[in-house]
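**Student:** Structure file target.txt (compact mmCIF, C-alpha atoms) right here:
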# COMPACT_ATOMS: atom_id res chain seq x y z
CA MET A 912 0.00 0.00 0.00
CA GLU A 913 1.29 3.46 -0.86
CA ILE A 914 2.14 5.65 2.10
CA VAL A 915 0.59 9.11 2.07
CA ARG A 916 3.35 11.51 3.03
CA VAL A 917 1.33 14.54 4.13
CA LYS A 918 -1.59 13.44 6.31
CA GLU A 919 -2.97 16.78 7.42
CA LEU A 920 -3.20 20.37 6.26
CA ALA A 921 -4.62 22.85 8.70
CA THR A 922 -4.93 26.59 9.23
CA ASP A 923 -7.18 28.73 11.43
CA ASP A 924 -9.83 28.45 8.70
CA TYR A 925 -9.81 24.82 7.62
CA ARG A 926 -8.56 21.32 8.33
CA ILE A 927 -7.94 18.58 5.77
CA ALA A 928 -7.21 15.31 7.55
CA TYR A 929 -6.39 11.89 6.08
CA ASP A 930 -7.22 8.80 8.10
CA PRO A 931 -5.28 5.79 6.80
CA ASP A 932 -7.40 3.31 8.80
CA THR A 933 -10.64 4.28 7.08
CA GLY A 934 -9.27 5.55 3.76
CA THR A 935 -11.00 8.86 4.41
CA VAL A 936 -10.05 12.47 3.83
CA LYS A 937 -12.17 14.80 5.94
CA CYS A 938 -12.43 18.50 5.09
CA SER A 939 -13.82 20.92 7.64
CA GLY A 940 -14.18 24.66 8.07
CA THR A 941 -13.94 27.28 5.34
CA LEU A 942 -12.08 26.70 2.07
CA ARG A 943 -11.85 29.97 0.17
CA LEU A 944 -8.29 30.01 -1.11
CA ALA A 945 -7.17 32.48 -3.76
CA GLY A 946 -6.49 30.14 -6.66
CA MET A 947 -5.32 26.80 -8.00
CA GLU A 948 -1.76 27.29 -6.74
CA ASP A 949 -3.06 27.68 -3.20
CA TYR A 950 -5.20 24.56 -3.55
CA GLU A 951 -2.31 22.49 -4.91
CA PRO A 952 -1.21 20.94 -1.57
CA ILE A 953 -4.82 19.86 -0.92
CA ALA A 954 -5.14 18.44 -4.44
CA GLN A 955 -1.93 16.47 -3.92
CA LEU A 956 -3.15 15.09 -0.60
CA LEU A 957 -6.41 13.98 -2.25
CA ASP A 958 -4.56 12.33 -5.15
CA ALA A 959 -2.21 10.46 -2.79
CA ALA A 960 -4.97 9.34 -0.42
CA ALA A 961 -7.18 8.11 -3.28
CA ALA A 962 -4.25 6.20 -4.80
CA ALA A 963 -3.58 4.58 -1.41
CA HIS A 964 -7.18 3.33 -1.10
CA PRO A 965 -8.37 2.61 -4.63
CA SER A 966 -11.09 0.13 -3.73
CA ALA A 967 -12.76 2.32 -1.12
CA PHE A 968 -11.82 5.99 -0.82
CA THR A 969 -14.08 8.43 1.04
CA LEU A 970 -14.10 12.20 0.86
CA ASP A 971 -16.03 13.58 3.83
CA LEU A 972 -17.25 17.16 3.46
CA GLU A 973 -19.94 17.06 6.16
CA GLN A 974 -18.20 19.81 8.12
CA LEU A 975 -17.09 21.93 5.19
CA GLU A 976 -19.17 25.04 5.80
CA TYR A 977 -17.94 27.18 2.91
CA LEU A 978 -16.27 26.45 -0.42
CA ASN A 979 -15.45 29.03 -3.12
CA SER A 980 -15.51 28.41 -6.88
CA SER A 981 -11.74 27.82 -6.99
CA GLY A 982 -12.36 25.06 -4.46
CA ILE A 983 -15.20 23.65 -6.56
CA ASN A 984 -12.78 23.77 -9.51
CA MET A 985 -10.13 21.88 -7.53
CA LEU A 986 -12.55 19.14 -6.43
CA SER A 987 -13.90 18.91 -9.98
CA LYS A 988 -10.42 18.44 -11.43
CA PHE A 989 -9.78 15.75 -8.81
CA ALA A 990 -12.99 13.96 -9.81
CA ILE A 991 -12.06 14.15 -13.51
CA ARG A 992 -8.59 12.77 -12.80
CA LEU A 993 -10.19 9.81 -10.96
CA ARG A 994 -12.52 9.23 -13.92
CA GLN A 995 -9.59 9.29 -16.32
CA LYS A 996 -7.60 6.80 -14.22
CA GLY A 997 -10.65 4.59 -13.67
CA THR A 998 -9.04 2.72 -10.77
CA VAL A 999 -10.57 4.36 -7.70
CA THR A 1000 -13.99 3.75 -6.15
CA MET A 1001 -14.98 6.89 -4.28
CA THR A 1002 -17.72 7.86 -1.85
CA LEU A 1003 -18.47 11.53 -1.28
CA ARG A 1004 -20.16 12.29 2.02
CA GLY A 1005 -21.97 15.60 2.45
CA THR A 1006 -24.82 17.04 4.48
CA LYS A 1007 -28.20 18.59 3.69
CA ARG A 1008 -27.60 20.87 6.68
CA ILE A 1009 -25.21 22.96 4.56
CA PRO A 1010 -27.16 24.47 1.63
CA TRP A 1011 -24.26 24.82 -0.89
CA GLN A 1012 -23.73 21.08 -0.66
CA THR A 1013 -27.28 20.24 -1.71
CA LYS A 1014 -26.83 22.59 -4.67
CA SER A 1015 -23.33 21.90 -5.95
CA LEU A 1016 -22.07 18.44 -4.95
CA LYS A 1017 -24.23 16.65 -7.50
CA ASN A 1018 -22.14 18.24 -10.25
CA LEU A 1019 -19.22 16.10 -9.12
CA GLN A 1020 -21.33 13.03 -9.80
CA ARG A 1021 -21.70 14.12 -13.42
CA LEU A 1022 -17.94 14.44 -13.73
CA LEU A 1023 -17.34 11.05 -12.07
CA PRO A 1024 -20.35 8.81 -12.81
CA SER A 1025 -19.04 6.01 -10.58
CA LEU A 1026 -19.11 8.37 -7.59
CA SER A 1027 -21.35 7.40 -4.70
CA LEU A 1028 -22.85 10.61 -3.26
CA VAL A 1029 -24.27 10.41 0.24
CA LEU A 1030 -26.04 13.50 1.59
CA ASP A 1031 -27.15 12.96 5.19
CA MET B 743 -6.17 66.15 -29.05
CA SER B 744 -9.71 65.49 -27.84
CA LEU B 745 -10.35 63.05 -25.01
CA PRO B 746 -11.91 59.77 -26.10
CA LEU B 747 -15.59 59.51 -25.29
CA SER B 748 -16.52 57.15 -22.53
CA GLN B 749 -18.07 54.03 -23.97
CA THR B 750 -20.49 51.74 -22.24
CA LYS B 751 -21.25 48.13 -23.07
CA ILE B 752 -23.86 46.04 -21.30
CA TYR B 753 -24.13 42.25 -21.25
CA GLY B 754 -26.88 40.07 -19.86
CA PHE B 755 -29.48 41.08 -17.29
CA PHE B 756 -28.62 44.59 -16.11
CA GLU B 757 -31.01 47.15 -14.62
CA ASP B 758 -29.70 50.65 -14.06
CA ASP B 759 -32.74 52.15 -12.36
CA LEU B 760 -33.56 49.89 -9.46
CA PRO B 761 -35.10 51.59 -6.42
CA ARG B 762 -32.68 52.01 -3.53
CA SER B 763 -34.17 50.39 -0.45
CA GLN B 764 -33.03 47.95 2.26
CA PHE B 765 -29.58 48.53 0.98
CA LEU B 766 -26.10 47.71 2.31
CA GLN B 767 -22.93 48.81 0.58
CA LEU B 768 -19.31 48.14 1.45
CA GLN B 769 -16.42 50.01 -0.14
CA PHE B 770 -12.79 48.90 -0.12
CA SER B 771 -9.82 50.96 -1.18
CA MET B 772 -7.48 48.94 -3.33
CA SER B 773 -4.46 48.08 -1.27
CA SER B 774 -0.82 48.20 -2.18
CA LEU B 775 -0.32 45.15 0.04
CA PRO B 776 0.03 41.79 -1.69
CA ILE B 777 -3.41 40.21 -2.19
CA LYS B 778 -2.54 37.36 0.16
CA GLU B 779 -2.30 39.76 3.10
CA TYR B 780 -5.94 40.80 2.96
CA TRP B 781 -7.54 37.93 1.04
CA ARG B 782 -9.40 36.69 4.17
CA ASN B 783 -11.32 39.96 4.27
CA ASN B 784 -13.40 38.82 1.28
CA SER B 785 -14.80 35.95 3.32
CA ILE B 786 -15.27 38.11 6.41
CA SER B 787 -17.19 40.73 4.38
CA ALA B 788 -19.33 38.14 2.58
CA ASP B 789 -20.29 36.44 5.83
CA PHE B 790 -21.14 39.79 7.40
CA MET B 791 -23.45 40.61 4.50
CA ALA B 792 -25.03 37.17 4.82
CA ASP B 793 -25.67 37.57 8.54
CA TYR B 794 -27.03 41.08 7.97
CA PHE B 795 -29.57 40.09 5.33
CA ALA B 796 -30.51 36.84 7.04
CA THR B 797 -32.23 38.94 9.70
CA PHE B 798 -34.91 39.86 7.15
CA PHE B 799 -35.94 36.23 6.72
CA PRO B 800 -37.78 33.88 9.05
CA SER B 801 -36.22 30.72 10.35
CA SER B 802 -38.88 28.48 8.85
CA LEU B 803 -39.08 25.67 6.35
CA ASN B 804 -39.99 26.34 2.74
CA ALA B 805 -41.87 23.99 0.39
CA GLU B 806 -38.73 21.89 -0.16
CA GLY B 807 -38.23 21.42 3.60
CA THR B 808 -35.16 23.65 3.87
CA ASP B 809 -34.72 26.57 6.27
CA ILE B 810 -35.26 29.85 4.41
CA LYS B 811 -32.92 31.87 6.64
CA GLU B 812 -30.09 29.36 6.18
CA GLU B 813 -30.67 29.24 2.41
CA VAL B 814 -30.44 33.01 2.14
CA LYS B 815 -27.36 33.15 4.35
CA SER B 816 -25.64 30.52 2.25
CA ALA B 817 -26.53 32.16 -1.07
CA VAL B 818 -25.48 35.65 0.02
CA SER B 819 -22.24 34.37 1.49
CA PHE B 820 -21.31 32.45 -1.65
CA ILE B 821 -22.28 35.11 -4.18
CA ALA B 822 -20.82 38.05 -2.25
CA ASN B 823 -17.57 36.17 -1.69
CA GLU B 824 -17.25 35.28 -5.37
CA LEU B 825 -17.94 38.89 -6.42
CA LEU B 826 -15.34 40.24 -4.01
CA GLU B 827 -12.75 37.65 -5.04
CA ASN B 828 -13.34 38.59 -8.68
CA ALA B 829 -13.08 42.32 -7.98
CA ILE B 830 -9.87 41.95 -5.96
CA LYS B 831 -8.20 39.53 -8.37
CA PHE B 832 -8.89 41.55 -11.49
CA GLY B 833 -9.06 45.05 -10.07
CA ASP B 834 -6.38 47.59 -10.78
CA ASP B 835 -4.54 48.33 -7.54
CA THR B 836 -3.25 51.70 -8.70
CA SER B 837 -6.71 53.19 -9.05
CA ASP B 838 -8.17 55.63 -6.52
CA ARG B 839 -11.65 54.25 -7.08
CA PRO B 840 -12.69 51.78 -4.40
CA VAL B 841 -14.03 48.30 -5.00
CA THR B 842 -17.68 48.37 -3.98
CA ILE B 843 -20.23 45.71 -3.26
CA SER B 844 -23.84 46.39 -2.47
CA LEU B 845 -26.78 44.20 -1.68
CA GLN B 846 -30.40 45.12 -1.52
CA LEU B 847 -33.62 43.28 -0.92
CA LEU B 848 -36.43 44.13 -3.31
CA HIS B 849 -39.84 42.54 -2.78
CA ASP B 850 -38.98 39.20 -4.31
CA LYS B 851 -35.28 39.28 -5.02
CA LEU B 852 -31.81 39.96 -3.71
CA VAL B 853 -29.75 42.21 -5.96
CA PHE B 854 -25.96 42.29 -5.68
CA VAL B 855 -23.94 44.98 -7.46
CA ALA B 856 -20.16 44.85 -7.45
CA THR B 857 -17.82 47.35 -9.10
CA ASN B 858 -14.11 47.48 -9.72
CA VAL B 859 -11.70 49.25 -12.04
CA SER B 860 -9.71 47.09 -14.46
CA ARG B 861 -6.94 47.67 -16.96
CA ASP B 862 -7.54 47.03 -20.66
CA ARG B 863 -6.10 43.53 -20.76
CA GLU B 864 -8.23 42.25 -17.90
CA ALA B 865 -11.33 44.11 -19.09
CA GLN B 866 -11.03 42.71 -22.62
CA ALA B 867 -10.53 39.17 -21.36
CA PHE B 868 -13.58 39.56 -19.15
CA GLU B 869 -15.66 40.89 -22.06
CA LYS B 870 -14.71 37.80 -24.08
CA TYR B 871 -15.89 35.64 -21.18
CA TRP B 872 -19.25 37.46 -21.12
CA GLU B 873 -19.68 36.98 -24.86
CA LEU B 874 -19.03 33.27 -24.38
CA LEU B 875 -21.40 33.11 -21.40
CA LEU B 876 -24.28 34.72 -23.28
CA ALA B 877 -23.76 32.53 -26.34
CA SER B 878 -23.77 29.28 -24.35
CA ASN B 879 -26.04 27.03 -22.38
CA PRO B 880 -24.71 27.70 -18.85
CA GLU B 881 -24.82 24.07 -17.75
CA THR B 882 -23.01 22.86 -20.85
CA LEU B 883 -20.42 25.63 -20.56
CA TYR B 884 -19.84 24.82 -16.87
CA PHE B 885 -18.87 21.22 -17.59
CA GLN B 886 -16.93 22.22 -20.70
CA LEU B 887 -14.76 24.66 -18.75
CA LEU B 888 -14.16 22.13 -15.98
CA GLU B 889 -12.94 19.53 -18.48
CA GLN B 890 -10.74 22.15 -20.18
CA ASN B 891 -9.31 23.29 -16.83
CA VAL B 892 -7.96 19.81 -16.19
CA GLU B 893 -5.68 20.04 -19.21
CA SER B 894 -4.51 23.61 -18.78
CA ASP B 895 -3.39 25.62 -15.80
CA THR B 896 -5.55 28.66 -16.50
CA LYS B 897 -5.66 31.19 -13.71
CA VAL B 898 -9.27 32.14 -14.42
CA SER B 899 -11.68 29.28 -14.09
CA GLY B 900 -14.87 31.15 -14.98
CA ILE B 901 -16.69 28.70 -12.77
CA GLY B 902 -17.95 31.16 -10.14
CA PHE B 903 -20.50 32.96 -12.31
CA LEU B 904 -21.69 29.71 -13.87
CA THR B 905 -22.21 28.26 -10.38
CA MET B 906 -24.34 31.29 -9.48
CA ILE B 907 -26.50 30.73 -12.57
CA ASN B 908 -26.77 26.94 -12.45
CA ASP B 909 -26.86 26.23 -8.71
CA TYR B 910 -28.43 29.42 -7.31
CA GLY B 911 -30.77 30.32 -10.18
CA ALA B 912 -29.14 33.75 -10.49
CA SER B 913 -29.51 36.20 -13.38
CA LEU B 914 -26.28 37.97 -14.22
CA GLY B 915 -25.40 41.14 -16.06
CA CYS B 916 -22.30 43.25 -16.57
CA LYS B 917 -21.60 46.83 -17.58
CA PHE B 918 -18.24 47.96 -18.94
CA GLU B 919 -17.57 51.69 -18.91
CA ARG B 920 -14.43 53.12 -20.45
CA LEU B 921 -13.29 56.12 -18.48
CA ALA B 922 -13.01 59.36 -20.47
CA ASP B 923 -10.11 60.60 -18.36
CA ALA B 924 -8.26 57.27 -18.24
CA PRO B 925 -8.76 55.46 -21.53
CA ASP B 926 -6.85 52.34 -20.55
CA LEU B 927 -9.13 51.77 -17.57
CA SER B 928 -12.70 50.51 -17.38
CA VAL B 929 -15.21 50.48 -14.54
CA ILE B 930 -16.79 47.04 -14.45
CA THR B 931 -20.14 46.66 -12.75
CA ILE B 932 -21.55 43.19 -12.17
CA MET B 933 -25.18 42.69 -11.19
CA VAL B 934 -26.46 39.41 -9.74
CA GLN B 935 -30.16 38.89 -9.05
CA VAL B 936 -31.54 35.96 -7.08
CA THR B 937 -35.23 35.35 -6.46
CA VAL B 938 -36.10 34.71 -2.83
CA GLN B 939 -39.16 33.71 -0.83
CA ASN B 940 -39.98 36.27 1.81
Would you write out, as structure tokens, the structure that this file holds?
**Tutor:**
Amino acid sequence: MEIVRVKELATDDYRIAYDPDTGTVKCSGTLRLAGMEDYEPIAQLLDAAAAAHPSAFTLDLEQLEYLNSSGINMLSKFAIRLRQKGTVTMTLRGTKRIPWQTKSLKNLQRLLPSLSLVLD
Amino acid sequence: MSLPLSQTKIYGFFEDDLPRSQFLQLQFSMSSLPIKEYWRNNSISADFMADYFATFFPSSLNAEGTDIKEEVKSAVSFIANELLENAIKFGDDTSDRPVTISLQLLHDKLVFVATNVSRDREAQAFEKYWELLLASNPETLYFQLLEQNVESDTKVSGIGFLTMINDYGASLGCKFERLADAPDLSVITIMVQVTVQN
């Protein structure tokens, strides 16, 4: 199994945490970074974690309160990369409690048809 | 040599004569600090506007079973943040004119208006984007741009405005005004209208 080098990225505004036992990356807080360069470390963590758990990778956004369009772009590119590779089975967990998630997460399913979207 | 006339171009849904009521406007002077130093202020301002306007809405469930107050808060926060990010990223930091964002509640809609000054290169690129936006199905264009963005490392994703249209049901318009006394600068005014239940 590949080892994921960077397991957590955190600031005062957000926390991105990889759990190797469950094959889950959990994002919480506010993600409103300035552009793709700023999202690059997060994109790399997602790529590495997904590659380390290809049969069952989970992205948990249930505590991600705010996401800007650059963040949507970053997640979309990640989903497209997974579709192109075709080797990762991914579950995306969100919540109906946070309105942007009920509006925008379904778009990721169109980019990655194999995605399992769970909105609790 | 005579000064060039100011020219105005309008794209999309843009209303110049809306009544001014239940109105909040923030103005920001463009800073000489690197953008990274004050980037967080976009989010802070957007969330303030969201909290402010949420007070006008009841905390009750609408027909779809979602809380109206939370829906409004979320929409205002997202749209205001995107408008401010856009204004700061593409605004000219040598201009004396402030970046402004206003929000008002008319009887059935929220109307956002954001202005910034841009140099020719940015203004022309933005005009091209508006031409593309108005010539396209917004849902199709959204997914097209996302697929294109994977291949290239473009700085501008163009996804923010499409998200407003597709996911928030917003109507968008833009006015470009060339300044008579500064011909290489344009004032860009973006209007976003979202229908709300009151």
**Student:** Report, in Å with one decimal, the straight-line distance from CA of Thr797 in chain B to CA of Pro1010 in chain A.
**Tutor:**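 Rounded to one decimal, the two atoms are 17.3 Å apart.
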**Student:** Do you know which residues are at most 7 Å from Leu1003 in chain A counting all atoms listed in the file, after dropping those on the same chain fewer than 3 positions away, and could you put them as a ChimeraX atom specification?
**Tutor:** /A:969-971,1027-1029
**Student:** Convert the current residue selection to file output with C-alpha atoms, as a PDB file, keeping the file's coordinate frame.
**Tutor:**
ATOM      1  CA  THR A 969     -14.080   8.430   1.040  1.00  0.00           C
ATOM      2  CA  LEU A 970     -14.100  12.200   0.860  1.00  0.00           C
ATOM      3  CA  ASP A 971     -16.030  13.580   3.830  1.00  0.00           C
ATOM      4  CA  SER A1027     -21.350   7.400  -4.700  1.00  0.00           C
ATOM      5  CA  LEU A1028     -22.850  10.610  -3.260  1.00  0.00           C
ATOM      6  CA  VAL A1029     -24.270  10.410   0.240  1.00  0.00           C
TER       7      VAL A1029
END
**Student:** Closest to Thr808 in chain B among A:Lys996, A:Lys1007, A:Lys1017, A:Lys988, using only C-alpha atoms?
**Tutor:** A:Lys1007
**Student:** So that I can see what lies close to Ile907 in chain B, please list as a PyMOL selection string the residues with an atom at most 12 Å from it, counting all atoms listed in the file and leaving out residues fewer than 2 positions away in the same chain.
**Tutor:** (chain A and resi 1014-1015) or (chain B and resi 754-755+817+821+875-876+879-884+900-905+909-915+934-937)
**Student:** Please, which residues of chain B lie no more than 8 Å from chain A when the count uses all atoms listed in the file, and can they be set out as a PyMOL selection string?
**Tutor:** chain B and resi 778+781+785+812-813+816-817+820+823-824+827+885+888-889+891-892+897+899+901-902+905+909-910
**Student:** Write out as a compact mmCIF listing (two decimals) with C-alpha atoms, in the coordinates of the input each polymer residue whose atoms come within 9 Å of Ala967 in chain A, counting all atoms listed in the file; drop sequence neighbours fewer than 2 positions from it.
**Tutor:**
# COMPACT_ATOMS: atom_id res chain seq x y z
CA THR A 933 -10.64 4.28 7.08
CA GLY A 934 -9.27 5.55 3.76
CA THR A 935 -11.00 8.86 4.41
CA ALA A 961 -7.18 8.11 -3.28
CA HIS A 964 -7.18 3.33 -1.10
CA PRO A 965 -8.37 2.61 -4.63
CA THR A 969 -14.08 8.43 1.04
CA VAL A 999 -10.57 4.36 -7.70
CA THR A 1000 -13.99 3.75 -6.15
CA MET A 1001 -14.98 6.89 -4.28
CA THR A 1002 -17.72 7.86 -1.85
**Student:** Any idea what the distance is between CA of Leu956 in chain A and CA of Val917 in chain A?
**Tutor:**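 About the pair CA of Leu956 in chain A and CA of Val917 in chain A: they are 6.5 Å apart.
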**Student:** Which residue out of B:Tyr753, B:Phe765, B:Tyr794, B:Phe799 has the minimum interatomic distance to Leu847 in chain B when all atoms listed in the file are used?
**Tutor:**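 For Leu847 in chain B, the nearest of the given residues is B:Phe765.
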**Student:** For the atom pair CA of Glu919 in chain B and CA of Ala877 in chain B, what is the interatomic distance in Å to one decimal place?
**Tutor:**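 Separating CA of Glu919 in chain B from CA of Ala877 in chain B is a distance of 21.5 Å.
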**Student:** Using all atoms listed in the file, which protein or nucleic acid residues come within 9 Å of Thr931 in chain B? Drop anything in the same chain fewer than 3 positions from it, and give the result as a ChimeraX atom specification.
**Tutor:** /B:855-859,915-919
**Student:** As AutoDock Vina command-line options, please report the centre and edge lengths, rounded to one decimal in Å, of the axis-aligned box that holds all listed atoms of range 985-991 of chain A with 3 Å of padding on each of the six sides.
**Tutor:**
--center_x -11.8 --center_y 17.9 --center_z -10.0 --size_x 10.1 --size_y 13.9 --size_z 13.1
**Student:** Using only C-alpha atoms, can you tell me which of A:Lys918, A:Thr1006, A:Ser1025, A:Pro931 comes closest to Ile953 in chain A?
**Tutor:**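 Looking at the shortest contact to Ile953 in chain A, the residue is A:Lys918.
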**Student:** Need the shell around Pro800 in chain B: protein/DNA/RNA residues with any atom at most 8 Å away, counting only C-alpha atoms. Skip same-chain ones fewer than 2 positions apart. Format as a list of chain:residue names?
**Tutor:**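 Close residues of Pro800 in chain B: B:Thr797, B:Phe798, B:Ser802, B:Ile810, B:Lys811, B:Asn940.
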**Student:** Can I get the selected residues back with C-alpha atoms, as a CSV table (one decimal), keeping the file's coordinate frame?
**Tutor:**
chain,number,residue,atom,x,y,z
B,797,THR,CA,-32.2,38.9,9.7
B,798,PHE,CA,-34.9,39.9,7.2
B,802,SER,CA,-38.9,28.5,8.8
B,810,ILE,CA,-35.3,29.8,4.4
B,811,LYS,CA,-32.9,31.9,6.6
B,940,ASN,CA,-40.0,36.3,1.8
**Student:** Which protein, DNA or RNA residues are at most 8 Å from (-12.0, 49.8, -17.0) in the file's coordinates when you count only C-alpha atoms, listed as a PDB file with C-alpha atoms, keeping the file's coordinate frame?
**Tutor:**
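Final output, saved to out00.pdb:
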ATOM      1  CA  ASN B 858     -14.110  47.480  -9.720  1.00  0.00           C
ATOM      2  CA  VAL B 859     -11.700  49.250 -12.040  1.00  0.00           C
ATOM      3  CA  SER B 860      -9.710  47.090 -14.460  1.00  0.00           C
ATOM      4  CA  ARG B 861      -6.940  47.670 -16.960  1.00  0.00           C
ATOM      5  CA  ASP B 862      -7.540  47.030 -20.660  1.00  0.00           C
ATOM      6  CA  ALA B 865     -11.330  44.110 -19.090  1.00  0.00           C
ATOM      7  CA  PHE B 918     -18.240  47.960 -18.940  1.00  0.00           C
ATOM      8  CA  GLU B 919     -17.570  51.690 -18.910  1.00  0.00           C
ATOM      9  CA  ARG B 920     -14.430  53.120 -20.450  1.00  0.00           C
ATOM     10  CA  LEU B 921     -13.290  56.120 -18.480  1.00  0.00           C
ATOM     11  CA  PRO B 925      -8.760  55.460 -21.530  1.00  0.00           C
ATOM     12  CA  ASP B 926      -6.850  52.340 -20.550  1.00  0.00           C
ATOM     13  CA  LEU B 927      -9.130  51.770 -17.570  1.00  0.00           C
ATOM     14  CA  SER B 928     -12.700  50.510 -17.380  1.00  0.00           C
ATOM     15  CA  VAL B 929     -15.210  50.480 -14.540  1.00  0.00           C
ATOM     16  CA  ILE B 930     -16.790  47.040 -14.450  1.00  0.00           C
TER      17      ILE B 930
END
**Student:** Which residues, protein or nucleic acid, reach to within 10 Å of (-2.6, 12.6, -1.7) in the file's coordinates when using all atoms listed in the file, and can you give that as a ChimeraX atom specification?
**Tutor:** /A:913-918,929,936,952-963
**Student:** Taking into account only C-alpha atoms, which residue in the set B:Gln886, B:Leu775, B:Gln767, B:Ala788 is nearest to Leu845 in chain B?
**Tutor:**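 Selected residue with least distance to Leu845 in chain B: B:Gln767.
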**Student:** Pick from A:Leu986, A:Leu920, A:Ile927, A:Leu993: nearest to Phe968 in chain A, with only C-alpha atoms counted?
**Tutor:**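 Smallest separation from Phe968 in chain A among the options: A:Leu993.
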